[in-house]
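> Encoded as structure tokens, here's the structure I'll be asking about.
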Amino acid sequence: MLLCLLLCFGLFHKPLKAQRQMEWINRGLNALKSNEHTAFLSWRLVATDKPSAAFRLYRSYADRKRELLANITAQKGTNYLDSGLKPQHEVTYHLYSVDGRQEHLEAELRLKADFPVQPYLEIPLQTPKGYTPGDMSVADLDGDGSYELIVHQTGKGHDNSHSGLTDEPIFQAYRLDGTLLWEISLGKNIREGAHYTQFMVYDLDGDGLAEFVCKTADGTVDGQGTILGDPKADWRDTLATSNTFGRILQGPEFLTVFDGFTGKMRCTVPYVPERGDVMSWGDQKANRADRFLAGIAYVDGTHPSLIMTRGYYDRTALVAWDFKDNTLSQRWIFDTQQKDHPYSGQGYHSLAIADVDQDGKDEIIFGAMVIDDNGKGLYSTGLGHGDALHVGDLDPDRPGLEIFGIHEHKGASRGPGASLRDAKTGEILFTGSIDQDVTRGVAEAIDPKHRGAYMWWLTSPMAYTMQGKAVGERPRSVNFLIWWDDDLSRELLDDNRIEKYQQGLLFEASGAASINGTKRTPNLSADILGDWREELILRAEDNQSLRIYCSCIPTDYRLYTLMHDPTYRLSVAWQNVAYNQPPHAGYYIGPGMPAIRQPHVKLLRAKQVLSISGKIPSK
């Protein structure tokens, strides 16, 4: 009898994992016109919806009553192709959720009579002269449930391995209508380049509004014109004949939290770990000391923490910060201190965040090693540095997540050029290209006829299954990925082109360009509008606008917005970091995918929607 009571009250049951606090976002109702008679509409299934959620879509013209276009049941995707438009007429769409006999208005979208026929939304920019729109992030800065765009405007930069003076890094925040919310300049004492200017945009304090965080220095100017530290300080080596010309080897370093809506500085603390003796990081030119990465992780399982790092070739340090009541507090620090530490030299040019041991708390996948949620080392493979890292449920037929990475081997360095490992234990499941220097590699479910991911990399002519079986010639693209067409397999994204594995070109973004030179990456690719498929954000060739390309292919597959999957959302947060890689979900998406499950998260909504007071100055 006692046993029955215990079971009834769940005392023998494993408790549910805590709900993560995540951003509330609206339906993201979006429309694009493929011709004067046809518009494609899509909207989000959010975490608070039941998988069986039903919708009704209505259309109205100024001179007509509202008409029902579609009943969207659980067997349909959250999209609709309206092929009965009246040309040169303003039209309004009304989206309702349906609960029994009750309808609830979810969103309205008005298309003006001159709404353009084009596959993208265009966001005008105020790009500074001589700058180029670079890596981006998205977050809700004003509490309206719609994403704003945060753009790293890049001027002349230098890699850490190169000497020389750079332009000042600039960040701008825009609404989707092109309204400039703020501009922040990091000043002359932060170098411009892929390895110096990591930034995070996320709701860190749980008020429903995102903050902007990055490393700062003397001369940083916030979005309200306030200058940090000594405005006259110049810590650069300006001696042109010096072998450290343009580098910054001294001076204070800070970590600053800015208000996401106004760009105003809210909190500044010394950057940890400090530079100290630059030789302790591996060299005297700060090529090792000034290698930074960043991310967001739910290390307590409920609240997001900021992860800031320094070093990855030799000495390696990671710091977890919490932000509450306008105060940054250090949760933990992991620092190898020495070059010969087993966790030293394992970092990549990017990182990933995921709950690899399935305890409800996030780990930091720092290249070839993993740091546990408590700031202790979980394991180090010792396989060393690399450029590309992919973390997800790549093999749906084995428990947990997998990690695929590539490795550099130069000089006396030896080992696999590509590896697949169990994310929780570090067990090596596959190795390839032994003793080869591999610079690019990808893993994802790209074949509509195959359950599970393939992996491929530059020095191998073949693609492989997760079991290590060669399946034929590898894809031409060894770059990015995107969910774009009407099935569950992912497509290949390279430069401004989207291709289907073994089928060829699906889409080309004419008049738009990628960024980051030969890496040919997008400004951002993420699920920021419409249904669960991803949008492609590229700069226009004149750098004066961003183009958000959206798939206009109808699909009956129904998934929750990827932004309410914690692993995917955190992947989007670190998309701007160094040699970024495409975001991955924390569960398997692809052929043979099981039924979708409702996300176990708690959505936080801002108490009010912020509005602009006064005029935002043009830059």
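Identifiers for the structure tokens are assigned positionally: chains receive A, B, ... in sequence, residues are indexed from 1 per chain, and ligands are indexed from 1 in the order shown.
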Which neighbours of region 180-185 of chain A fall inside 6 Å, counting only C-alpha atoms, when residues of the same chain fewer than 2 positions from it are skipped, and could you give them as a PyMOL selection string?
chain A and resi 169-174+187+220-223+263
> List as number ranges by chain the protein and nucleic acid residues near Gly100 (chain A), meaning an atom at most 12 Å away when only C-alpha atoms are counted, but skip any in the same chain fewer than 4 places from it.
A: 52-55, 104
> Using only C-alpha atoms, can you tell me which of A:His584, A:Asp237, A:Phe254, A:Asn516 comes closest to Leu389 (chain A)?
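Nearest candidate to Leu389 (chain A) out of A:His584, A:Asp237, A:Phe254, A:Asn516: A:His584.
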> Which residues are near Gly511 (chain A)? Cut-off 9 Å, only C-alpha atoms, ignore same chain within fewer than 6 positions. Put them as a ChimeraX atom specification.
/A:539-542
> Let me see the file: selected residues, N, CA, C and O atoms, as an mmCIF file, in the first residue's frame.

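Below is the file that was written, out_29.cif:
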```cif
data_model
loop_
_atom_site.group_PDB
_atom_site.id
_atom_site.type_symbol
_atom_site.label_atom_id
_atom_site.label_comp_id
_atom_site.auth_asym_id
_atom_site.auth_seq_id
_atom_site.Cartn_x
_atom_site.Cartn_y
_atom_site.Cartn_z
ATOM 1 N N ARG A 539 23.996 40.946 -47.013
ATOM 2 C CA ARG A 539 24.120 42.377 -47.320
ATOM 3 C C ARG A 539 23.883 42.600 -48.808
ATOM 4 O O ARG A 539 24.285 41.781 -49.650
ATOM 5 N N ALA A 540 23.230 43.701 -49.138
ATOM 6 C CA ALA A 540 23.158 44.098 -50.537
ATOM 7 C C ALA A 540 24.565 44.457 -51.008
ATOM 8 O O ALA A 540 25.426 44.850 -50.218
ATOM 9 N N GLU A 541 24.806 44.347 -52.286
ATOM 10 C CA GLU A 541 26.155 44.550 -52.809
ATOM 11 C C GLU A 541 26.673 45.964 -52.577
ATOM 12 O O GLU A 541 27.886 46.183 -52.516
ATOM 13 N N ASP A 542 25.773 46.948 -52.405
ATOM 14 C CA ASP A 542 26.223 48.312 -52.136
ATOM 15 C C ASP A 542 26.386 48.601 -50.648
ATOM 16 O O ASP A 542 26.713 49.737 -50.260
#
```
> Using only C-alpha atoms, what does the table of region 270-331 of chain A residues within 8 Å of region 346-353 of chain A look like, with each row giving the shortest atom pair and its distance in Å to one decimal, sorted by chain and ascending number, as a tab-separated table?

```
residue	atom	partner	partner_atom	distance
A:Leu293	CA	A:Ser350	CA	6.5
A:Ala294	CA	A:Leu351	CA	7.8
A:Gly295	CA	A:Ile353	CA	7.3
A:Ile296	CA	A:Ile353	CA	7.4
A:Ala297	CA	A:Ile353	CA	6.3
A:Gly311	CA	A:Gly347	CA	7.8
A:Tyr312	CA	A:Gly347	CA	4.4
A:Tyr313	CA	A:Gly347	CA	6.4
A:Asp314	CA	A:Gln346	CA	7.9
A:Thr316	CA	A:Gly347	CA	7.7
```
> For the selection you just gave me, I'd like the residues written to a file as a PDB file, in the first residue's frame, keeping N, CA, C and O atoms.

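The resulting file, part_30.pdb, is shown below:
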```
ATOM      1  N   LEU A 293      36.448  34.231 -27.436  1.00  0.00           N
ATOM      2  CA  LEU A 293      35.183  33.618 -27.855  1.00  0.00           C
ATOM      3  C   LEU A 293      34.117  34.008 -26.834  1.00  0.00           C
ATOM      4  O   LEU A 293      34.429  34.516 -25.752  1.00  0.00           O
ATOM      5  N   ALA A 294      32.866  33.754 -27.164  1.00  0.00           N
ATOM      6  CA  ALA A 294      31.778  34.117 -26.251  1.00  0.00           C
ATOM      7  C   ALA A 294      30.561  33.244 -26.521  1.00  0.00           C
ATOM      8  O   ALA A 294      30.404  32.683 -27.619  1.00  0.00           O
ATOM      9  N   GLY A 295      29.689  33.153 -25.541  1.00  0.00           N
ATOM     10  CA  GLY A 295      28.456  32.389 -25.698  1.00  0.00           C
ATOM     11  C   GLY A 295      27.508  32.655 -24.546  1.00  0.00           C
ATOM     12  O   GLY A 295      27.819  33.393 -23.607  1.00  0.00           O
ATOM     13  N   ILE A 296      26.327  32.049 -24.620  1.00  0.00           N
ATOM     14  CA  ILE A 296      25.326  32.081 -23.559  1.00  0.00           C
ATOM     15  C   ILE A 296      25.041  30.642 -23.170  1.00  0.00           C
ATOM     16  O   ILE A 296      24.856  29.783 -24.036  1.00  0.00           O
ATOM     17  N   ALA A 297      24.994  30.362 -21.858  1.00  0.00           N
ATOM     18  CA  ALA A 297      24.730  28.995 -21.400  1.00  0.00           C
ATOM     19  C   ALA A 297      23.852  29.023 -20.159  1.00  0.00           C
ATOM     20  O   ALA A 297      24.013  29.893 -19.294  1.00  0.00           O
ATOM     21  N   GLY A 311      41.983  32.907 -25.112  1.00  0.00           N
ATOM     22  CA  GLY A 311      42.981  31.903 -25.445  1.00  0.00           C
ATOM     23  C   GLY A 311      42.390  30.569 -25.830  1.00  0.00           C
ATOM     24  O   GLY A 311      41.392  30.126 -25.257  1.00  0.00           O
ATOM     25  N   TYR A 312      43.032  29.919 -26.830  1.00  0.00           N
ATOM     26  CA  TYR A 312      42.652  28.548 -27.144  1.00  0.00           C
ATOM     27  C   TYR A 312      43.772  27.757 -27.798  1.00  0.00           C
ATOM     28  O   TYR A 312      43.695  26.537 -27.913  1.00  0.00           O
ATOM     29  N   TYR A 313      44.830  28.413 -28.225  1.00  0.00           N
ATOM     30  CA  TYR A 313      45.954  27.680 -28.810  1.00  0.00           C
ATOM     31  C   TYR A 313      46.836  27.055 -27.732  1.00  0.00           C
ATOM     32  O   TYR A 313      47.382  25.972 -27.906  1.00  0.00           O
ATOM     33  N   ASP A 314      47.025  27.771 -26.631  1.00  0.00           N
ATOM     34  CA  ASP A 314      47.864  27.289 -25.536  1.00  0.00           C
ATOM     35  C   ASP A 314      47.067  27.391 -24.224  1.00  0.00           C
ATOM     36  O   ASP A 314      46.193  26.591 -24.001  1.00  0.00           O
ATOM     37  N   THR A 316      44.222  28.436 -21.792  1.00  0.00           N
ATOM     38  CA  THR A 316      42.799  28.609 -22.104  1.00  0.00           C
ATOM     39  C   THR A 316      42.030  28.983 -20.850  1.00  0.00           C
ATOM     40  O   THR A 316      42.210  28.360 -19.806  1.00  0.00           O
TER      41      THR A 316
END
```
> Which residue gives the smallest distance to Gly143 (chain A) among A:Asp99, A:Glu106, A:Ala509, A:Asp207, with only C-alpha atoms counted?
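Of A:Asp99, A:Glu106, A:Ala509, A:Asp207, the one nearest Gly143 (chain A) is A:Asp207, counting only C-alpha atoms.
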> Given the choices A:Ala107, A:His37, A:Ser146, A:Leu121, which gets closest to Glu535 (chain A) if the distance is worked out from only C-alpha atoms?
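When distances to Glu535 (chain A) are compared using only C-alpha atoms, the smallest one comes from A:Leu121.
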> Restricting the calculation to only C-alpha atoms: of A:Asp527, A:Glu122, A:Arg520, A:Leu488, which residue gets closest to Gly134 (chain A)?
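For Gly134 (chain A), the nearest of the given residues is A:Arg520.
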> Taking the DSSP secondary structure from the backbone, can you list the residues of region 168-326 of chain A that are strand (DSSP E or B), as a PyMOL selection string?
chain A and resi 170-174+180-185+199-202+211-216+221+227+236+248+254-259+265-270+294-297+305-310+317-324
> So how many Å separate CA of Asn26 (chain A) and CA of Val213 (chain A), to one decimal?
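Going from CA of Asn26 (chain A) over to CA of Val213 (chain A) covers 24.3 Å.
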> Any idea what the distance is between CA of Ile123 (chain A) and CA of Ser514 (chain A)?
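Separating CA of Ile123 (chain A) from CA of Ser514 (chain A) is a distance of 16.0 Å.
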> Let me make sure I understand: among A:Gly517, A:Leu255, A:Glu192, A:Asp486, which one has the smallest atom-to-atom distance to Pro448 (chain A) if we use only C-alpha atoms?
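Closest residue, counting only C-alpha atoms: A:Asp486.
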> Need to verify the contact set: region 391-395 of chain A, 9 Å, only C-alpha atoms, exclusion of same-chain residues closer than 5 positions in sequence. Can you return it as a PyMOL selection string?
chain A and resi 352-354+365+400-405+423+443-445+451-454+465-467+567+583-589
> Under the rule that only C-alpha atoms are counted, which of A:Tyr549, A:Phe430, A:Phe480, A:Phe334 is the nearest residue to Gln575 (chain A)?
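Nearest candidate to Gln575 (chain A) out of A:Tyr549, A:Phe430, A:Phe480, A:Phe334: A:Phe480.
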> If you measure from CA of Asp205 (chain A) to CA of Ser329 (chain A), what distance in Å do you get, rounded to one decimal?
11.9 Å
> I'd like the neighbourhood of Thr166 (chain A) as a ChimeraX atom specification, where a residue qualifies if any of its atoms comes within 8 Å (using only C-alpha atoms), though same-chain residues fewer than 6 positions away should be ignored.
/A:155-158,188,191-192,246
> Write out as a PyMOL selection string which residues come within 10 Å of region 306-308 of chain A when counting only C-alpha atoms, dropping same-chain ones fewer than 5 positions away.
chain A and resi 198-202+204+213-215+255+271-273+292-299+317-323+328+330-333+353+364
> Would you list, as an mmCIF file with all heavy atoms, in the first residue's frame, the residues of region 142-379 of chain A that end up in helix (DSSP H, G or I) under DSSP run on this structure's backbone?

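Below is the file out_10.cif, written as the result:
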```cif
data_model
loop_
_atom_site.group_PDB
_atom_site.id
_atom_site.type_symbol
_atom_site.label_atom_id
_atom_site.label_comp_id
_atom_site.auth_asym_id
_atom_site.auth_seq_id
_atom_site.Cartn_x
_atom_site.Cartn_y
_atom_site.Cartn_z
ATOM 1 N N VAL A 278 51.616 38.621 -21.442
ATOM 2 C CA VAL A 278 51.081 38.050 -22.687
ATOM 3 C C VAL A 278 51.773 36.739 -23.046
ATOM 4 O O VAL A 278 51.184 35.879 -23.715
ATOM 5 C CB VAL A 278 51.184 39.056 -23.858
ATOM 6 C CG1 VAL A 278 50.287 40.251 -23.616
ATOM 7 C CG2 VAL A 278 52.616 39.489 -24.099
ATOM 8 N N MET A 279 53.016 36.576 -22.603
ATOM 9 C CA MET A 279 53.735 35.345 -22.927
ATOM 10 C C MET A 279 53.088 34.129 -22.278
ATOM 11 O O MET A 279 53.231 33.007 -22.754
ATOM 12 C CB MET A 279 55.196 35.471 -22.477
ATOM 13 C CG MET A 279 56.104 34.399 -23.042
ATOM 14 S SD MET A 279 56.148 34.485 -24.868
ATOM 15 C CE MET A 279 56.904 32.882 -25.232
ATOM 16 N N SER A 280 52.333 34.357 -21.179
ATOM 17 C CA SER A 280 51.672 33.228 -20.519
ATOM 18 C C SER A 280 50.602 32.606 -21.409
ATOM 19 O O SER A 280 50.165 31.471 -21.167
ATOM 20 C CB SER A 280 51.039 33.682 -19.201
ATOM 21 O OG SER A 280 49.904 34.510 -19.420
ATOM 22 N N TRP A 281 50.176 33.335 -22.448
ATOM 23 C CA TRP A 281 49.171 32.821 -23.379
ATOM 24 C C TRP A 281 49.797 32.166 -24.598
ATOM 25 O O TRP A 281 49.083 31.561 -25.403
ATOM 26 C CB TRP A 281 48.236 33.942 -23.816
ATOM 27 C CG TRP A 281 47.515 34.559 -22.665
ATOM 28 C CD1 TRP A 281 47.866 35.687 -21.967
ATOM 29 C CD2 TRP A 281 46.344 34.054 -22.024
ATOM 30 N NE1 TRP A 281 46.990 35.923 -20.956
ATOM 31 C CE2 TRP A 281 46.038 34.942 -20.961
ATOM 32 C CE3 TRP A 281 45.519 32.960 -22.249
ATOM 33 C CZ2 TRP A 281 44.942 34.741 -20.124
ATOM 34 C CZ3 TRP A 281 44.427 32.767 -21.422
ATOM 35 C CH2 TRP A 281 44.140 33.647 -20.375
#
```
> So that I can check the surroundings of His450 (chain A), please list as a list of chain:residue names every protein, DNA and RNA residue that reaches within 9 Å of it, counting only C-alpha atoms and ignoring chain neighbours fewer than 6 positions away.
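Close residues of His450 (chain A): A:Ser489, A:Gly590, A:Pro591, A:Gly592.
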> I need the residues from that last selection saved to file as a short mmCIF file (atom, residue, chain, number, x, y, z; two decimals), in the first residue's frame (with all heavy atoms), if you can.

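part25.cif written:
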```cif
data_model
loop_
_atom_site.label_atom_id
_atom_site.label_comp_id
_atom_site.auth_asym_id
_atom_site.auth_seq_id
_atom_site.Cartn_x
_atom_site.Cartn_y
_atom_site.Cartn_z
N SER A 489 15.16 17.32 -44.60
CA SER A 489 16.62 17.33 -44.76
C SER A 489 17.08 18.77 -44.97
O SER A 489 16.32 19.63 -45.43
CB SER A 489 17.04 16.45 -45.95
OG SER A 489 16.50 16.96 -47.15
N GLY A 590 15.24 15.58 -39.56
CA GLY A 590 15.63 14.94 -40.81
C GLY A 590 14.71 13.79 -41.13
O GLY A 590 13.71 13.54 -40.44
N PRO A 591 15.01 13.06 -42.20
CA PRO A 591 14.19 11.90 -42.58
C PRO A 591 14.08 10.91 -41.42
O PRO A 591 15.05 10.64 -40.72
CB PRO A 591 14.97 11.29 -43.75
CG PRO A 591 15.76 12.44 -44.32
CD PRO A 591 16.13 13.29 -43.15
N GLY A 592 12.86 10.41 -41.21
CA GLY A 592 12.64 9.48 -40.11
C GLY A 592 12.56 10.15 -38.76
O GLY A 592 12.68 9.49 -37.72
#
```
